[in-house]
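One structure is given here, and the rest of the page talks about it.
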Amino acid sequence: EAGVTQFPSHSVIEKGQTVTLRCDPISGHDNLYWYRRVMGKEIKFLLHFVKESKQDESGMPNNRFLAERTGGTYSTLKVQPAELEDSGVYFCASSRGLYGTEAFFGQGTRLTVV
Amino acid sequence: GQSLEQPSEVTAVEGAIVQINCTYQTSGFYGLSWYQQHDGGAPTFLSYNALDGLEETGRFSSFLSRSDSYGYLLLQELQMKDSASYFCAVIDDKIIFGKGTRLHILP
């Protein structure tokens with residue numbers, strides 16, 4: 001089965017521009033997570049979808065970030081307008097269940113805002 | 001608030017044994033997981049403990065004490081390829097990661 005795929009793998013944009021990151025989870029996985037890792041620091045939780053519903057978006061830094069999950073399949077994370085501090089690696093993960101079921105991570109999108 | 005504490009760095013010698021500790025304080029708790037991340041790569045699942053005790057998977061073992069809000073990852077017969085960052089993660093109603101422990105292995 002295909003793993004979690006993220007697109008693009010790298011993105012360099014100027015401050016003030018808009019960027020949209022995409023994540024395709026493993027088919028059949030209801031749970032989808034977005035995380036961000038900045039400069040080798042912690043893997044910071046952004047939000048959690050269960051199917052198409054936002055279960056928890058407490059980690060979203062501000063209203064410049066918008067996440068959607070169309071039909072409970074793929075998800076997008078839009079940053080608009082991007083700021084310098086948004087730079088980092090954005091990881092998407094999916095899991096079939098939650099309690100004890102391992103989460104599978106995509107390779108991440110490295111976002112650089114200049 | 002929710003917090004997970006683990007050492008930022010650990011250094012060990014090839015062939016040796018190393019233990020990476022994790023303490024947590026979270027509003028909810030269903031279990032503790034461990035993930036490995038190599039530079040430039042994606043985090044990959046290593047283990048999960050829902051109950052107290054030791055879980056062994058090959059060279060890696062993971063321990064949990066729910067009463068102490070404490071767990072550890074034990075790596076035996078260290079190999080150079082084990083050089084990576086290791087994250088403990090609490091399973092609440094979402095997955096919350098610690099800040100990671102960078103493991104350096106000396107030949």
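Simple scheme: letters A, B, ... for chains in structure tokens order, numbers from 1 for residues in each chain, numbers from 1 for ligands in the order shown.
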Counting only C-alpha atoms, what are the residues of region 15-106 of chain B within 7 Å of region 36-54 of chain A, and for each of them which pair of atoms is the nearest and at what distance in Å, to one decimal? Sort the table by chain and rising number, as a tab-separated table.
residue	atom	partner	partner_atom	distance
B:Lys94	CA	A:His48	CA	6.9
B:Ile96	CA	A:Phe45	CA	6.5
B:Phe97	CA	A:Ile43	CA	5.9
B:Gly98	CA	A:Glu42	CA	6.2
B:Lys99	CA	A:Glu42	CA	3.9
B:Gly100	CA	A:Glu42	CA	6.2
- Message: Quick one: residues within 9 Å of Thr23 (chain B), only C-alpha atoms, excluding same-chain residues fewer than 4 positions away - as an MDAnalysis selection string?
- Response: chainID B and resid 3:6 68:72 88
Please, which residues in chain A fall within 12 Å of chain B when counting only C-alpha atoms, and what is the closest atom pair and distance in Å to one decimal for each, ordered by chain then residue number, as CSV?
residue,atom,partner,partner_atom,distance
A:Gly3,CA,B:Ala42,CA,11.5
A:Val4,CA,B:Ala42,CA,10.3
A:Thr5,CA,B:Ala42,CA,11.0
A:Gln6,CA,B:Ala42,CA,11.1
A:Ser9,CA,B:Gly40,CA,11.1
A:His10,CA,B:Gly40,CA,11.8
A:Asn31,CA,B:Lys94,CA,9.3
A:Leu32,CA,B:Lys94,CA,10.0
A:Tyr33,CA,B:Lys94,CA,8.4
A:Trp34,CA,B:Ile95,CA,10.4
A:Tyr35,CA,B:Phe97,CA,9.6
A:Arg36,CA,B:Phe97,CA,10.9
A:Arg37,CA,B:Lys99,CA,9.6
A:Val38,CA,B:Lys99,CA,10.8
A:Met39,CA,B:Asp39,CA,11.5
A:Gly40,CA,B:Gly100,CA,8.9
A:Lys41,CA,B:Lys99,CA,6.1
A:Glu42,CA,B:Lys99,CA,3.9
A:Ile43,CA,B:Phe97,CA,5.9
A:Lys44,CA,B:Phe97,CA,6.9
A:Phe45,CA,B:Ile96,CA,6.5
A:Leu46,CA,B:Ile96,CA,10.0
A:Leu47,CA,B:Lys94,CA,8.6
A:His48,CA,B:Lys94,CA,6.9
A:Phe49,CA,B:Lys94,CA,9.7
A:Val50,CA,B:Lys94,CA,10.4
A:Lys54,CA,B:Lys94,CA,11.6
A:Gln55,CA,B:Lys94,CA,8.7
A:Asp56,CA,B:Lys94,CA,7.8
A:Glu57,CA,B:Lys94,CA,10.3
A:Ser58,CA,B:Lys94,CA,10.6
A:Gly59,CA,B:Ile96,CA,10.4
A:Gly88,CA,B:Gly40,CA,11.9
A:Val89,CA,B:Gly40,CA,9.5
A:Tyr90,CA,B:Ala42,CA,10.3
A:Phe91,CA,B:Ala42,CA,7.7
A:Cys92,CA,B:Ala42,CA,9.5
A:Ala93,CA,B:Pro43,CA,9.3
A:Ser94,CA,B:Ile95,CA,10.8
A:Ser95,CA,B:Ile95,CA,10.6
A:Gly97,CA,B:Lys94,CA,10.8
A:Leu98,CA,B:Lys94,CA,7.5
A:Tyr99,CA,B:Tyr30,CA,6.5
A:Gly100,CA,B:Tyr48,CA,6.1
A:Thr101,CA,B:Tyr48,CA,8.3
A:Glu102,CA,B:Phe45,CA,6.2
A:Ala103,CA,B:Phe45,CA,6.9
A:Phe104,CA,B:Thr44,CA,6.9
A:Phe105,CA,B:Ala42,CA,5.9
A:Gly106,CA,B:Ala42,CA,6.2
A:Gln107,CA,B:Ala42,CA,4.9
A:Gly108,CA,B:Ala42,CA,6.8
A:Thr109,CA,B:Ala42,CA,10.3
A:Arg110,CA,B:Gly40,CA,9.6
Any chance you could export the current selection's N, CA and C atoms as a compact mmCIF listing (two decimals), in the first residue's frame?
# COMPACT_ATOMS: atom_id res chain seq x y z
N GLY A 3 2.34 4.85 0.93
CA GLY A 3 2.47 5.53 2.21
C GLY A 3 1.84 6.89 2.16
N VAL A 4 2.11 7.68 3.17
CA VAL A 4 1.63 9.06 3.22
C VAL A 4 2.50 9.88 2.28
N THR A 5 1.88 10.62 1.41
CA THR A 5 2.63 11.44 0.48
C THR A 5 2.32 12.90 0.70
N GLN A 6 3.36 13.72 0.58
CA GLN A 6 3.20 15.15 0.77
C GLN A 6 3.77 15.86 -0.45
N SER A 9 7.79 18.78 -1.85
CA SER A 9 8.81 18.38 -0.87
C SER A 9 9.55 19.60 -0.34
N HIS A 10 9.69 20.60 -1.18
CA HIS A 10 10.34 21.85 -0.79
C HIS A 10 9.54 23.01 -1.37
N ASN A 31 -7.73 9.08 10.66
CA ASN A 31 -7.03 10.12 11.41
C ASN A 31 -5.92 10.74 10.56
N LEU A 32 -5.90 12.04 10.51
CA LEU A 32 -4.85 12.76 9.78
C LEU A 32 -4.37 13.90 10.67
N TYR A 33 -3.06 14.00 10.79
CA TYR A 33 -2.44 15.02 11.64
C TYR A 33 -1.50 15.88 10.82
N TRP A 34 -1.39 17.13 11.22
CA TRP A 34 -0.36 18.02 10.71
C TRP A 34 0.54 18.41 11.89
N TYR A 35 1.85 18.36 11.62
CA TYR A 35 2.84 18.77 12.60
C TYR A 35 3.85 19.69 11.92
N ARG A 36 4.58 20.43 12.75
CA ARG A 36 5.66 21.27 12.23
C ARG A 36 6.89 21.08 13.09
N ARG A 37 8.03 20.97 12.44
CA ARG A 37 9.29 20.92 13.16
C ARG A 37 10.14 22.06 12.68
N VAL A 38 10.56 22.89 13.63
CA VAL A 38 11.33 24.08 13.31
C VAL A 38 12.75 23.92 13.82
N MET A 39 13.71 24.06 12.92
CA MET A 39 15.13 24.13 13.29
C MET A 39 15.53 22.99 14.21
N GLY A 40 15.12 21.77 13.91
CA GLY A 40 15.52 20.63 14.70
C GLY A 40 14.93 20.58 16.09
N LYS A 41 13.90 21.36 16.33
CA LYS A 41 13.27 21.36 17.65
C LYS A 41 12.14 20.34 17.70
N GLU A 42 11.22 20.53 18.59
CA GLU A 42 10.17 19.57 18.81
C GLU A 42 9.28 19.43 17.60
N ILE A 43 8.61 18.30 17.53
CA ILE A 43 7.58 18.09 16.51
C ILE A 43 6.29 18.63 17.11
N LYS A 44 5.92 19.80 16.65
CA LYS A 44 4.81 20.52 17.28
C LYS A 44 3.49 20.21 16.59
N PHE A 45 2.53 19.82 17.38
CA PHE A 45 1.20 19.50 16.89
C PHE A 45 0.52 20.73 16.34
N LEU A 46 -0.10 20.61 15.18
CA LEU A 46 -0.89 21.69 14.61
C LEU A 46 -2.37 21.36 14.69
N LEU A 47 -2.79 20.26 14.06
CA LEU A 47 -4.19 19.88 14.14
C LEU A 47 -4.41 18.43 13.77
N HIS A 48 -5.62 17.98 14.07
CA HIS A 48 -6.00 16.59 13.92
C HIS A 48 -7.38 16.53 13.27
N PHE A 49 -7.45 15.80 12.15
CA PHE A 49 -8.72 15.52 11.49
C PHE A 49 -9.14 14.09 11.81
N VAL A 50 -10.43 13.91 12.03
CA VAL A 50 -11.02 12.58 11.97
C VAL A 50 -11.98 12.62 10.81
N LYS A 54 -12.51 18.53 11.83
CA LYS A 54 -11.39 18.96 12.65
C LYS A 54 -11.66 18.55 14.09
N GLN A 55 -10.89 17.56 14.55
CA GLN A 55 -11.06 17.07 15.91
C GLN A 55 -10.41 18.01 16.92
N ASP A 56 -9.28 18.54 16.52
CA ASP A 56 -8.52 19.39 17.42
C ASP A 56 -7.62 20.27 16.59
N GLU A 57 -7.79 21.56 16.69
CA GLU A 57 -6.92 22.49 15.97
C GLU A 57 -6.24 23.45 16.92
N SER A 58 -6.03 22.98 18.12
CA SER A 58 -5.47 23.84 19.16
C SER A 58 -4.03 24.24 18.90
N GLY A 59 -3.34 23.52 18.02
CA GLY A 59 -1.95 23.84 17.75
C GLY A 59 -1.74 24.81 16.60
N GLY A 88 9.97 26.00 8.26
CA GLY A 88 10.15 24.76 9.00
C GLY A 88 9.76 23.59 8.13
N VAL A 89 9.75 22.43 8.70
CA VAL A 89 9.32 21.23 7.98
C VAL A 89 7.94 20.84 8.48
N TYR A 90 7.01 20.77 7.56
CA TYR A 90 5.63 20.43 7.90
C TYR A 90 5.41 18.95 7.58
N PHE A 91 5.06 18.21 8.61
CA PHE A 91 4.82 16.78 8.46
C PHE A 91 3.33 16.50 8.55
N CYS A 92 2.92 15.56 7.76
CA CYS A 92 1.57 15.02 7.83
C CYS A 92 1.68 13.57 8.26
N ALA A 93 0.75 13.13 9.06
CA ALA A 93 0.73 11.73 9.50
C ALA A 93 -0.69 11.22 9.47
N SER A 94 -0.84 9.93 9.27
CA SER A 94 -2.17 9.35 9.31
C SER A 94 -2.15 8.04 10.09
N SER A 95 -3.29 7.70 10.65
CA SER A 95 -3.41 6.43 11.36
C SER A 95 -4.82 5.91 11.19
N GLY A 97 -6.48 3.96 13.48
CA GLY A 97 -7.15 4.17 14.74
C GLY A 97 -6.30 5.14 15.53
N LEU A 98 -6.63 5.33 16.78
CA LEU A 98 -5.86 6.29 17.57
C LEU A 98 -5.10 5.60 18.69
N TYR A 99 -5.75 4.82 19.48
CA TYR A 99 -5.14 4.32 20.70
C TYR A 99 -4.24 3.14 20.42
N GLY A 100 -2.97 3.44 20.30
CA GLY A 100 -1.98 2.39 20.10
C GLY A 100 -1.66 2.14 18.66
N THR A 101 -2.48 2.60 17.77
CA THR A 101 -2.19 2.38 16.36
C THR A 101 -1.10 3.35 15.92
N GLU A 102 -0.10 2.82 15.26
CA GLU A 102 1.00 3.68 14.89
C GLU A 102 0.58 4.69 13.84
N ALA A 103 1.19 5.84 13.91
CA ALA A 103 1.00 6.88 12.92
C ALA A 103 2.09 6.78 11.87
N PHE A 104 1.71 6.90 10.64
CA PHE A 104 2.64 6.86 9.52
C PHE A 104 2.85 8.29 9.03
N PHE A 105 4.09 8.67 8.93
CA PHE A 105 4.42 10.04 8.55
C PHE A 105 4.82 10.13 7.08
N GLY A 106 4.47 11.26 6.47
CA GLY A 106 5.01 11.58 5.17
C GLY A 106 6.43 12.11 5.31
N GLN A 107 7.07 12.36 4.18
CA GLN A 107 8.46 12.82 4.19
C GLN A 107 8.58 14.30 4.53
N GLY A 108 7.43 14.98 4.59
CA GLY A 108 7.47 16.37 4.99
C GLY A 108 7.62 17.34 3.84
N THR A 109 7.19 18.57 4.10
CA THR A 109 7.41 19.68 3.17
C THR A 109 8.30 20.67 3.88
N ARG A 110 9.44 20.94 3.29
CA ARG A 110 10.35 21.94 3.88
C ARG A 110 9.97 23.29 3.31
- Item | CA of Met60 (chain A) to CA of Glu9 (chain B), straight-line distance in Å | 27.9 Å
- Write out as number ranges by chain all residues of region 5-94 of chain B that DSSP puts in strand (DSSP E or B) for this structure's backbone. B: 5, 9-13, 18-25, 31-37, 44-49, 53-57, 60-65, 70-75, 84-91
- Task: Tell me which of A:Pro8, A:Glu83, A:Val114, A:Asn63 sits closest to Thr20 (chain A), counting only C-alpha atoms.
- Result: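 The closest residue to Thr20 (chain A) is A:Pro8.
Atom pair CA of Asn62 (chain A) / CA of Gln37 (chain B) has a distance of 27.3 Å (rounded to one decimal).
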